[in-house]
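Remarks on the structure that follows.
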Amino acid sequence: MSEIDIAMHSQGGELAEGSPYRIPSRKLTMWLFIISDAITFGALLFGYGYLRTASSDWPTPFKFNPSILNVTIMTVVLITSSLTMLGAVDSAKIGNKAKTKRFLWSTILLGAIFAGLHIREWFGLIDEGVRLFQNPWGSPLFGATFFAITGLHLLHVISGVVALAVISRGFSRGWLTAGHVETTGLYWHFVDLVWMFVVPLVYLLNISK
């Protein structure tokens, strides 16, 4: 039997192009997106590190309380959301729609809390005079790099929250599969992993003495 016949047979007689690799095309596409996105974040973080090292007056505006406390809470919230996402994927694989929906909405809620805390932090810094190319403490590039890195990450979190809401609805109604839940989970875990690099470089290295 040819590959085309196999594809037609597996799709109930409908011609469908399968993945040339051993993983579904959907998951392969997500992995390629993650790799390209990782390069983007890596370039931003590398540029940030270079500018920080090259600047003699790089500001250190963060304090243990409340700034680092807020970041710690945000990090705990995001890590917890990865655990609930794992629960959603496991539940989806065994076909438990109710449990999958609960885990997905728990992840959505945690993502929304993270975004809310992050936006509150932004407003606090803006109130202190931080702008894209100015701040009251030192190098004006601090604001540009800080908002670029954290803003891009926040955009990913908000996009993930929206995607999870769509996936939850689709899986509950049966027009999306466990594979869609798993693929979205890969994206969410990537967003969490990026945050683990942002925290030490952008926050912990900029704690005021």
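We name chains A, B, ... following the order of the structure tokens; residues begin at 1 in each chain, and ligands are numbered from 1 as shown.
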Per DSSP on the backbone, what are the alpha helix (DSSP H) residues of stretch 7-178 of chain A, as an mmCIF file with N, CA and C atoms, in the first residue's frame?
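This went into selection_36.cif:
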```
data_model
loop_
_atom_site.group_PDB
_atom_site.id
_atom_site.type_symbol
_atom_site.label_atom_id
_atom_site.label_comp_id
_atom_site.auth_asym_id
_atom_site.auth_seq_id
_atom_site.Cartn_x
_atom_site.Cartn_y
_atom_site.Cartn_z
ATOM 1 N N ALA A 7 -2.590 7.325 3.831
ATOM 2 C CA ALA A 7 -3.157 8.590 4.295
ATOM 3 C C ALA A 7 -4.654 8.632 4.068
ATOM 4 N N MET A 8 -5.116 8.154 2.887
ATOM 5 C CA MET A 8 -6.540 8.141 2.585
ATOM 6 C C MET A 8 -7.290 7.200 3.505
ATOM 7 N N HIS A 9 -6.711 6.037 3.773
ATOM 8 C CA HIS A 9 -7.352 5.049 4.630
ATOM 9 C C HIS A 9 -7.471 5.572 6.060
ATOM 10 N N SER A 10 -6.422 6.238 6.561
ATOM 11 C CA SER A 10 -6.420 6.733 7.947
ATOM 12 C C SER A 10 -7.386 7.887 8.140
ATOM 13 N N SER A 25 2.109 17.121 12.301
ATOM 14 C CA SER A 25 2.480 18.404 11.698
ATOM 15 C C SER A 25 2.182 19.563 12.639
ATOM 16 N N ARG A 26 1.079 19.469 13.400
ATOM 17 C CA ARG A 26 0.711 20.532 14.322
ATOM 18 C C ARG A 26 1.799 20.753 15.364
ATOM 19 N N LYS A 27 2.285 19.651 15.928
ATOM 20 C CA LYS A 27 3.322 19.757 16.957
ATOM 21 C C LYS A 27 4.640 20.215 16.359
ATOM 22 N N LEU A 28 4.956 19.755 15.158
ATOM 23 C CA LEU A 28 6.186 20.176 14.489
ATOM 24 C C LEU A 28 6.165 21.681 14.239
ATOM 25 N N THR A 29 5.017 22.191 13.800
ATOM 26 C CA THR A 29 4.886 23.628 13.561
ATOM 27 C C THR A 29 5.109 24.418 14.842
ATOM 28 N N MET A 30 4.553 23.925 15.939
ATOM 29 C CA MET A 30 4.734 24.616 17.215
ATOM 30 C C MET A 30 6.199 24.590 17.645
ATOM 31 N N TRP A 31 6.879 23.469 17.456
ATOM 32 C CA TRP A 31 8.296 23.403 17.812
ATOM 33 C C TRP A 31 9.125 24.380 16.976
ATOM 34 N N LEU A 32 8.809 24.490 15.690
ATOM 35 C CA LEU A 32 9.530 25.439 14.836
ATOM 36 C C LEU A 32 9.272 26.876 15.280
ATOM 37 N N PHE A 33 8.036 27.158 15.686
ATOM 38 C CA PHE A 33 7.715 28.495 16.198
ATOM 39 C C PHE A 33 8.478 28.770 17.483
ATOM 40 N N ILE A 34 8.523 27.787 18.370
ATOM 41 C CA ILE A 34 9.228 27.954 19.645
ATOM 42 C C ILE A 34 10.714 28.216 19.417
ATOM 43 N N ILE A 35 11.305 27.481 18.478
ATOM 44 C CA ILE A 35 12.731 27.682 18.181
ATOM 45 C C ILE A 35 12.978 29.099 17.666
ATOM 46 N N SER A 36 12.139 29.553 16.733
ATOM 47 C CA SER A 36 12.315 30.906 16.198
ATOM 48 C C SER A 36 12.073 31.962 17.273
ATOM 49 N N ASP A 37 11.099 31.728 18.140
ATOM 50 C CA ASP A 37 10.805 32.672 19.212
ATOM 51 C C ASP A 37 11.934 32.689 20.243
ATOM 52 N N ALA A 38 12.511 31.515 20.485
ATOM 53 C CA ALA A 38 13.630 31.447 21.426
ATOM 54 C C ALA A 38 14.819 32.257 20.913
ATOM 55 N N ILE A 39 15.030 32.235 19.604
ATOM 56 C CA ILE A 39 16.109 33.038 19.013
ATOM 57 C C ILE A 39 15.833 34.520 19.219
ATOM 58 N N THR A 40 14.572 34.920 19.055
ATOM 59 C CA THR A 40 14.198 36.327 19.257
ATOM 60 C C THR A 40 14.458 36.769 20.688
ATOM 61 N N PHE A 41 13.981 35.981 21.640
ATOM 62 C CA PHE A 41 14.204 36.323 23.046
ATOM 63 C C PHE A 41 15.688 36.274 23.401
ATOM 64 N N GLY A 42 16.390 35.300 22.836
ATOM 65 C CA GLY A 42 17.816 35.199 23.104
ATOM 66 C C GLY A 42 18.569 36.425 22.624
ATOM 67 N N ALA A 43 18.200 36.919 21.431
ATOM 68 C CA ALA A 43 18.850 38.121 20.896
ATOM 69 C C ALA A 43 18.554 39.334 21.780
ATOM 70 N N LEU A 44 17.305 39.463 22.245
ATOM 71 C CA LEU A 44 16.937 40.587 23.114
ATOM 72 C C LEU A 44 17.693 40.528 24.441
ATOM 73 N N LEU A 45 17.753 39.342 25.033
ATOM 74 C CA LEU A 45 18.440 39.201 26.319
ATOM 75 C C LEU A 45 19.943 39.413 26.172
ATOM 76 N N PHE A 46 20.509 38.943 25.057
ATOM 77 C CA PHE A 46 21.929 39.168 24.807
ATOM 78 C C PHE A 46 22.212 40.656 24.644
ATOM 79 N N GLY A 47 21.358 41.336 23.858
ATOM 80 C CA GLY A 47 21.530 42.770 23.683
ATOM 81 C C GLY A 47 21.394 43.526 24.986
ATOM 82 N N TYR A 48 20.439 43.095 25.805
ATOM 83 C CA TYR A 48 20.253 43.728 27.110
ATOM 84 C C TYR A 48 21.504 43.556 27.972
ATOM 85 N N GLY A 49 22.032 42.338 27.986
ATOM 86 C CA GLY A 49 23.221 42.075 28.787
ATOM 87 C C GLY A 49 24.412 42.893 28.326
ATOM 88 N N TYR A 50 24.547 43.037 27.007
ATOM 89 C CA TYR A 50 25.661 43.830 26.475
ATOM 90 C C TYR A 50 25.532 45.293 26.881
ATOM 91 N N LEU A 51 24.323 45.854 26.715
ATOM 92 C CA LEU A 51 24.114 47.256 27.062
ATOM 93 C C LEU A 51 24.319 47.495 28.559
ATOM 94 N N ARG A 52 23.869 46.545 29.347
ATOM 95 C CA ARG A 52 24.033 46.699 30.802
ATOM 96 C C ARG A 52 25.504 46.696 31.184
ATOM 97 N N THR A 53 26.275 45.805 30.577
ATOM 98 C CA THR A 53 27.701 45.714 30.891
ATOM 99 C C THR A 53 28.465 46.928 30.369
ATOM 100 N N ALA A 54 28.060 47.437 29.210
ATOM 101 C CA ALA A 54 28.781 48.545 28.584
ATOM 102 C C ALA A 54 28.448 49.903 29.181
ATOM 103 N N LEU A 69 9.579 41.222 45.714
ATOM 104 C CA LEU A 69 8.483 40.427 46.267
ATOM 105 C C LEU A 69 7.400 40.215 45.206
ATOM 106 N N ASN A 70 7.088 41.274 44.487
ATOM 107 C CA ASN A 70 6.089 41.175 43.423
ATOM 108 C C ASN A 70 6.542 40.219 42.328
ATOM 109 N N VAL A 71 7.819 40.293 41.936
ATOM 110 C CA VAL A 71 8.353 39.392 40.912
ATOM 111 C C VAL A 71 8.342 37.945 41.404
ATOM 112 N N THR A 72 8.630 37.751 42.683
ATOM 113 C CA THR A 72 8.589 36.396 43.251
ATOM 114 C C THR A 72 7.188 35.814 43.166
ATOM 115 N N ILE A 73 6.195 36.609 43.516
ATOM 116 C CA ILE A 73 4.803 36.151 43.421
ATOM 117 C C ILE A 73 4.452 35.830 41.974
ATOM 118 N N MET A 74 4.856 36.702 41.053
ATOM 119 C CA MET A 74 4.590 36.467 39.636
ATOM 120 C C MET A 74 5.216 35.154 39.169
ATOM 121 N N THR A 75 6.431 34.883 39.631
ATOM 122 C CA THR A 75 7.130 33.665 39.230
ATOM 123 C C THR A 75 6.433 32.431 39.773
ATOM 124 N N VAL A 76 6.017 32.481 41.033
ATOM 125 C CA VAL A 76 5.291 31.351 41.632
ATOM 126 C C VAL A 76 3.987 31.101 40.881
ATOM 127 N N VAL A 77 3.282 32.171 40.537
ATOM 128 C CA VAL A 77 2.023 32.053 39.794
ATOM 129 C C VAL A 77 2.265 31.388 38.444
ATOM 130 N N LEU A 78 3.314 31.794 37.747
ATOM 131 C CA LEU A 78 3.584 31.251 36.420
ATOM 132 C C LEU A 78 4.024 29.787 36.487
ATOM 133 N N ILE A 79 4.836 29.442 37.479
ATOM 134 C CA ILE A 79 5.248 28.046 37.645
ATOM 135 C C ILE A 79 4.041 27.171 37.959
ATOM 136 N N THR A 80 3.167 27.672 38.831
ATOM 137 C CA THR A 80 1.951 26.926 39.157
ATOM 138 C C THR A 80 1.084 26.714 37.927
ATOM 139 N N SER A 81 1.043 27.717 37.045
ATOM 140 C CA SER A 81 0.247 27.584 35.822
ATOM 141 C C SER A 81 0.801 26.487 34.911
ATOM 142 N N SER A 82 2.101 26.257 34.963
ATOM 143 C CA SER A 82 2.682 25.159 34.181
ATOM 144 C C SER A 82 2.199 23.810 34.714
ATOM 145 N N LEU A 83 2.053 23.728 36.037
ATOM 146 C CA LEU A 83 1.561 22.484 36.646
ATOM 147 C C LEU A 83 0.111 22.226 36.260
ATOM 148 N N THR A 84 -0.718 23.273 36.284
ATOM 149 C CA THR A 84 -2.113 23.086 35.886
ATOM 150 C C THR A 84 -2.216 22.762 34.399
ATOM 151 N N MET A 85 -1.284 23.309 33.595
ATOM 152 C CA MET A 85 -1.279 22.994 32.170
ATOM 153 C C MET A 85 -0.928 21.525 31.955
ATOM 154 N N LEU A 86 -0.001 21.011 32.738
ATOM 155 C CA LEU A 86 0.325 19.584 32.668
ATOM 156 C C LEU A 86 -0.889 18.738 33.005
ATOM 157 N N GLY A 87 -1.631 19.178 34.029
ATOM 158 C CA GLY A 87 -2.851 18.466 34.402
ATOM 159 C C GLY A 87 -3.869 18.466 33.272
ATOM 160 N N ALA A 88 -3.972 19.596 32.568
ATOM 161 C CA ALA A 88 -4.908 19.689 31.454
ATOM 162 C C ALA A 88 -4.527 18.732 30.328
ATOM 163 N N VAL A 89 -3.242 18.672 30.010
ATOM 164 C CA VAL A 89 -2.779 17.782 28.942
ATOM 165 C C VAL A 89 -3.027 16.321 29.311
ATOM 166 N N ASP A 90 -2.690 15.936 30.536
ATOM 167 C CA ASP A 90 -2.909 14.545 30.973
ATOM 168 C C ASP A 90 -4.388 14.186 30.956
ATOM 169 N N SER A 91 -5.238 15.117 31.402
ATOM 170 C CA SER A 91 -6.681 14.855 31.421
ATOM 171 C C SER A 91 -7.238 14.751 30.008
ATOM 172 N N ALA A 92 -6.718 15.594 29.113
ATOM 173 C CA ALA A 92 -7.185 15.556 27.722
ATOM 174 C C ALA A 92 -6.826 14.234 27.057
ATOM 175 N N LYS A 93 -5.663 13.700 27.374
ATOM 176 C CA LYS A 93 -5.214 12.448 26.746
ATOM 177 C C LYS A 93 -6.093 11.266 27.131
ATOM 178 N N LYS A 97 -13.106 15.450 29.691
ATOM 179 C CA LYS A 97 -13.335 16.832 29.256
ATOM 180 C C LYS A 97 -13.574 17.779 30.423
ATOM 181 N N ALA A 98 -14.309 17.339 31.419
ATOM 182 C CA ALA A 98 -14.616 18.208 32.562
ATOM 183 C C ALA A 98 -13.348 18.586 33.317
ATOM 184 N N LYS A 99 -12.503 17.599 33.565
ATOM 185 C CA LYS A 99 -11.265 17.846 34.290
ATOM 186 C C LYS A 99 -10.312 18.703 33.453
ATOM 187 N N THR A 100 -10.260 18.431 32.156
ATOM 188 C CA THR A 100 -9.416 19.233 31.275
ATOM 189 C C THR A 100 -9.836 20.691 31.302
ATOM 190 N N LYS A 101 -11.143 20.920 31.260
ATOM 191 C CA LYS A 101 -11.665 22.282 31.282
ATOM 192 C C LYS A 101 -11.302 22.987 32.577
ATOM 193 N N ARG A 102 -11.388 22.284 33.701
ATOM 194 C CA ARG A 102 -11.039 22.888 35.000
ATOM 195 C C ARG A 102 -9.566 23.262 35.036
ATOM 196 N N PHE A 103 -8.714 22.375 34.557
ATOM 197 C CA PHE A 103 -7.273 22.665 34.554
ATOM 198 C C PHE A 103 -6.946 23.822 33.605
ATOM 199 N N LEU A 104 -7.586 23.840 32.445
ATOM 200 C CA LEU A 104 -7.328 24.908 31.491
ATOM 201 C C LEU A 104 -7.756 26.264 32.048
ATOM 202 N N TRP A 105 -8.908 26.318 32.676
ATOM 203 C CA TRP A 105 -9.361 27.589 33.217
ATOM 204 C C TRP A 105 -8.568 28.003 34.449
ATOM 205 N N SER A 106 -8.031 27.030 35.166
ATOM 206 C CA SER A 106 -7.102 27.369 36.257
ATOM 207 C C SER A 106 -5.844 28.014 35.687
ATOM 208 N N THR A 107 -5.353 27.469 34.577
ATOM 209 C CA THR A 107 -4.183 28.041 33.905
ATOM 210 C C THR A 107 -4.492 29.442 33.388
ATOM 211 N N ILE A 108 -5.674 29.604 32.805
ATOM 212 C CA ILE A 108 -6.088 30.920 32.305
ATOM 213 C C ILE A 108 -6.136 31.936 33.437
ATOM 214 N N LEU A 109 -6.714 31.542 34.568
ATOM 215 C CA LEU A 109 -6.814 32.448 35.717
ATOM 216 C C LEU A 109 -5.431 32.852 36.219
ATOM 217 N N LEU A 110 -4.532 31.871 36.331
ATOM 218 C CA LEU A 110 -3.174 32.166 36.793
ATOM 219 C C LEU A 110 -2.444 33.074 35.796
ATOM 220 N N GLY A 111 -2.649 32.830 34.504
ATOM 221 C CA GLY A 111 -2.042 33.696 33.493
ATOM 222 C C GLY A 111 -2.566 35.119 33.585
ATOM 223 N N ALA A 112 -3.861 35.256 33.850
ATOM 224 C CA ALA A 112 -4.451 36.589 33.993
ATOM 225 C C ALA A 112 -3.917 37.298 35.234
ATOM 226 N N ILE A 113 -3.728 36.552 36.320
ATOM 227 C CA ILE A 113 -3.155 37.135 37.539
ATOM 228 C C ILE A 113 -1.735 37.626 37.271
ATOM 229 N N PHE A 114 -0.945 36.804 36.575
ATOM 230 C CA PHE A 114 0.419 37.202 36.222
ATOM 231 C C PHE A 114 0.402 38.493 35.413
ATOM 232 N N ALA A 115 -0.459 38.546 34.400
ATOM 233 C CA ALA A 115 -0.534 39.735 33.558
ATOM 234 C C ALA A 115 -0.942 40.958 34.365
ATOM 235 N N GLY A 116 -1.902 40.786 35.290
ATOM 236 C CA GLY A 116 -2.345 41.897 36.120
ATOM 237 C C GLY A 116 -1.243 42.429 37.018
ATOM 238 N N LEU A 117 -0.482 41.511 37.627
ATOM 239 C CA LEU A 117 0.640 41.924 38.478
ATOM 240 C C LEU A 117 1.715 42.639 37.666
ATOM 241 N N HIS A 118 1.938 42.153 36.452
ATOM 242 C CA HIS A 118 2.964 42.752 35.590
ATOM 243 C C HIS A 118 2.560 44.169 35.167
ATOM 244 N N ILE A 119 1.307 44.332 34.784
ATOM 245 C CA ILE A 119 0.821 45.652 34.372
ATOM 246 C C ILE A 119 0.865 46.628 35.545
ATOM 247 N N ARG A 120 0.534 46.124 36.745
ATOM 248 C CA ARG A 120 0.614 46.985 37.929
ATOM 249 C C ARG A 120 2.053 47.441 38.170
ATOM 250 N N GLU A 121 2.999 46.535 37.953
ATOM 251 C CA GLU A 121 4.410 46.894 38.102
ATOM 252 C C GLU A 121 4.808 47.961 37.080
ATOM 253 N N TRP A 122 4.349 47.798 35.860
ATOM 254 C CA TRP A 122 4.628 48.796 34.817
ATOM 255 C C TRP A 122 4.141 50.177 35.228
ATOM 256 N N PHE A 123 2.905 50.245 35.703
ATOM 257 C CA PHE A 123 2.350 51.537 36.108
ATOM 258 C C PHE A 123 3.148 52.145 37.261
ATOM 259 N N GLY A 124 3.630 51.291 38.165
ATOM 260 C CA GLY A 124 4.456 51.779 39.262
ATOM 261 C C GLY A 124 5.748 52.401 38.769
ATOM 262 N N LEU A 125 6.397 51.752 37.802
ATOM 263 C CA LEU A 125 7.627 52.293 37.232
ATOM 264 C C LEU A 125 7.365 53.562 36.426
ATOM 265 N N ILE A 126 6.263 53.578 35.707
ATOM 266 C CA ILE A 126 5.914 54.783 34.938
ATOM 267 C C ILE A 126 5.671 55.964 35.869
ATOM 268 N N ASP A 127 5.018 55.689 37.004
ATOM 269 C CA ASP A 127 4.796 56.754 37.995
ATOM 270 C C ASP A 127 6.109 57.304 38.552
ATOM 271 N N LEU A 141 18.624 53.963 28.263
ATOM 272 C CA LEU A 141 18.320 52.727 27.556
ATOM 273 C C LEU A 141 17.661 51.687 28.454
ATOM 274 N N PHE A 142 17.695 51.904 29.764
ATOM 275 C CA PHE A 142 17.075 50.945 30.678
ATOM 276 C C PHE A 142 15.596 50.775 30.367
ATOM 277 N N GLY A 143 14.895 51.897 30.221
ATOM 278 C CA GLY A 143 13.461 51.822 29.960
ATOM 279 C C GLY A 143 13.146 51.108 28.661
ATOM 280 N N ALA A 144 13.906 51.408 27.610
ATOM 281 C CA ALA A 144 13.658 50.788 26.302
ATOM 282 C C ALA A 144 13.844 49.279 26.360
ATOM 283 N N THR A 145 14.940 48.828 26.969
ATOM 284 C CA THR A 145 15.210 47.388 27.023
ATOM 285 C C THR A 145 14.263 46.678 27.978
ATOM 286 N N PHE A 146 13.966 47.314 29.111
ATOM 287 C CA PHE A 146 13.067 46.697 30.091
ATOM 288 C C PHE A 146 11.679 46.498 29.499
ATOM 289 N N PHE A 147 11.122 47.544 28.916
ATOM 290 C CA PHE A 147 9.773 47.438 28.364
ATOM 291 C C PHE A 147 9.735 46.538 27.133
ATOM 292 N N ALA A 148 10.821 46.493 26.360
ATOM 293 C CA ALA A 148 10.855 45.627 25.178
ATOM 294 C C ALA A 148 10.815 44.159 25.578
ATOM 295 N N ILE A 149 11.658 43.787 26.542
ATOM 296 C CA ILE A 149 11.738 42.376 26.950
ATOM 297 C C ILE A 149 10.498 41.946 27.707
ATOM 298 N N THR A 150 10.144 42.691 28.745
ATOM 299 C CA THR A 150 8.984 42.299 29.550
ATOM 300 C C THR A 150 7.686 42.483 28.759
ATOM 301 N N GLY A 151 7.653 43.486 27.864
ATOM 302 C CA GLY A 151 6.463 43.687 27.053
ATOM 303 C C GLY A 151 6.228 42.549 26.077
ATOM 304 N N LEU A 152 7.296 42.067 25.448
ATOM 305 C CA LEU A 152 7.167 40.946 24.526
ATOM 306 C C LEU A 152 6.718 39.692 25.273
ATOM 307 N N HIS A 153 7.280 39.487 26.463
ATOM 308 C CA HIS A 153 6.871 38.327 27.250
ATOM 309 C C HIS A 153 5.419 38.448 27.683
ATOM 310 N N LEU A 154 5.021 39.632 28.114
ATOM 311 C CA LEU A 154 3.632 39.847 28.520
ATOM 312 C C LEU A 154 2.680 39.612 27.354
ATOM 313 N N LEU A 155 3.069 40.035 26.158
ATOM 314 C CA LEU A 155 2.257 39.782 24.972
ATOM 315 C C LEU A 155 2.072 38.288 24.743
ATOM 316 N N HIS A 156 3.122 37.517 24.962
ATOM 317 C CA HIS A 156 3.030 36.062 24.825
ATOM 318 C C HIS A 156 2.075 35.474 25.860
ATOM 319 N N VAL A 157 2.131 35.983 27.085
ATOM 320 C CA VAL A 157 1.245 35.476 28.134
ATOM 321 C C VAL A 157 -0.216 35.765 27.783
ATOM 322 N N ILE A 158 -0.497 36.997 27.379
ATOM 323 C CA ILE A 158 -1.875 37.372 27.033
ATOM 324 C C ILE A 158 -2.371 36.565 25.830
ATOM 325 N N SER A 159 -1.500 36.387 24.830
ATOM 326 C CA SER A 159 -1.863 35.568 23.668
ATOM 327 C C SER A 159 -2.149 34.133 24.087
ATOM 328 N N GLY A 160 -1.340 33.627 25.027
ATOM 329 C CA GLY A 160 -1.551 32.273 25.520
ATOM 330 C C GLY A 160 -2.862 32.124 26.266
ATOM 331 N N VAL A 161 -3.228 33.125 27.053
ATOM 332 C CA VAL A 161 -4.496 33.098 27.781
ATOM 333 C C VAL A 161 -5.671 33.033 26.801
ATOM 334 N N VAL A 162 -5.617 33.842 25.748
ATOM 335 C CA VAL A 162 -6.674 33.834 24.735
ATOM 336 C C VAL A 162 -6.731 32.478 24.031
ATOM 337 N N ALA A 163 -5.554 31.951 23.674
ATOM 338 C CA ALA A 163 -5.499 30.652 22.988
ATOM 339 C C ALA A 163 -6.058 29.536 23.868
ATOM 340 N N LEU A 164 -5.732 29.566 25.159
ATOM 341 C CA LEU A 164 -6.228 28.538 26.075
ATOM 342 C C LEU A 164 -7.744 28.600 26.215
ATOM 343 N N ALA A 165 -8.307 29.815 26.210
ATOM 344 C CA ALA A 165 -9.763 29.951 26.285
ATOM 345 C C ALA A 165 -10.427 29.324 25.049
ATOM 346 N N VAL A 166 -9.824 29.551 23.875
ATOM 347 C CA VAL A 166 -10.355 28.964 22.641
ATOM 348 C C VAL A 166 -10.224 27.442 22.671
ATOM 349 N N ILE A 167 -9.075 26.957 23.119
ATOM 350 C CA ILE A 167 -8.839 25.516 23.186
ATOM 351 C C ILE A 167 -9.809 24.853 24.158
ATOM 352 N N SER A 168 -10.044 25.496 25.299
ATOM 353 C CA SER A 168 -10.969 24.942 26.292
ATOM 354 C C SER A 168 -12.368 24.799 25.713
ATOM 355 N N ARG A 169 -12.826 25.822 25.044
ATOM 356 C CA ARG A 169 -14.161 25.782 24.432
ATOM 357 C C ARG A 169 -14.227 24.715 23.337
ATOM 358 N N GLY A 170 -13.195 24.694 22.489
ATOM 359 C CA GLY A 170 -13.193 23.737 21.389
ATOM 360 C C GLY A 170 -13.114 22.301 21.854
ATOM 361 N N PHE A 171 -12.286 22.026 22.859
ATOM 362 C CA PHE A 171 -12.149 20.656 23.356
ATOM 363 C C PHE A 171 -13.424 20.210 24.063
ATOM 364 N N SER A 172 -14.053 21.103 24.796
ATOM 365 C CA SER A 172 -15.294 20.760 25.500
ATOM 366 C C SER A 172 -16.402 20.414 24.520
ATOM 367 N N ARG A 173 -16.410 21.093 23.367
ATOM 368 C CA ARG A 173 -17.475 20.880 22.376
ATOM 369 C C ARG A 173 -17.122 19.812 21.353
ATOM 370 N N ALA A 178 -7.211 16.289 21.917
ATOM 371 C CA ALA A 178 -6.169 16.334 22.941
ATOM 372 C C ALA A 178 -4.854 16.821 22.357
#
```
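Residues surrounding A:Thr60 within 6 Å are Asn206, Ile207 and Ser208 of chain A [only C-alpha atoms; sequence separation below 3 positions excluded].
Residues of chain A that DSSP places in strand (DSSP E or B), based on the backbone of this structure, are Phe62, Arg131, Gln134 and Ile207 of chain A.
Using only C-alpha atoms, the nearest neighbour of A:Ser67 within the list A:Leu186, A:Leu132, A:Leu204, A:Val191 is A:Leu204.
Between atom CA of A:Thr183 and atom CA of A:Gly95 the separation is 15.8 Å.
One finds atom CA of A:Ile68 at 12.9 Å from atom CA of A:Val198.
For the pair atom CA of A:Val199 and atom CA of A:Lys63, the interatomic distance is 13.5 Å.
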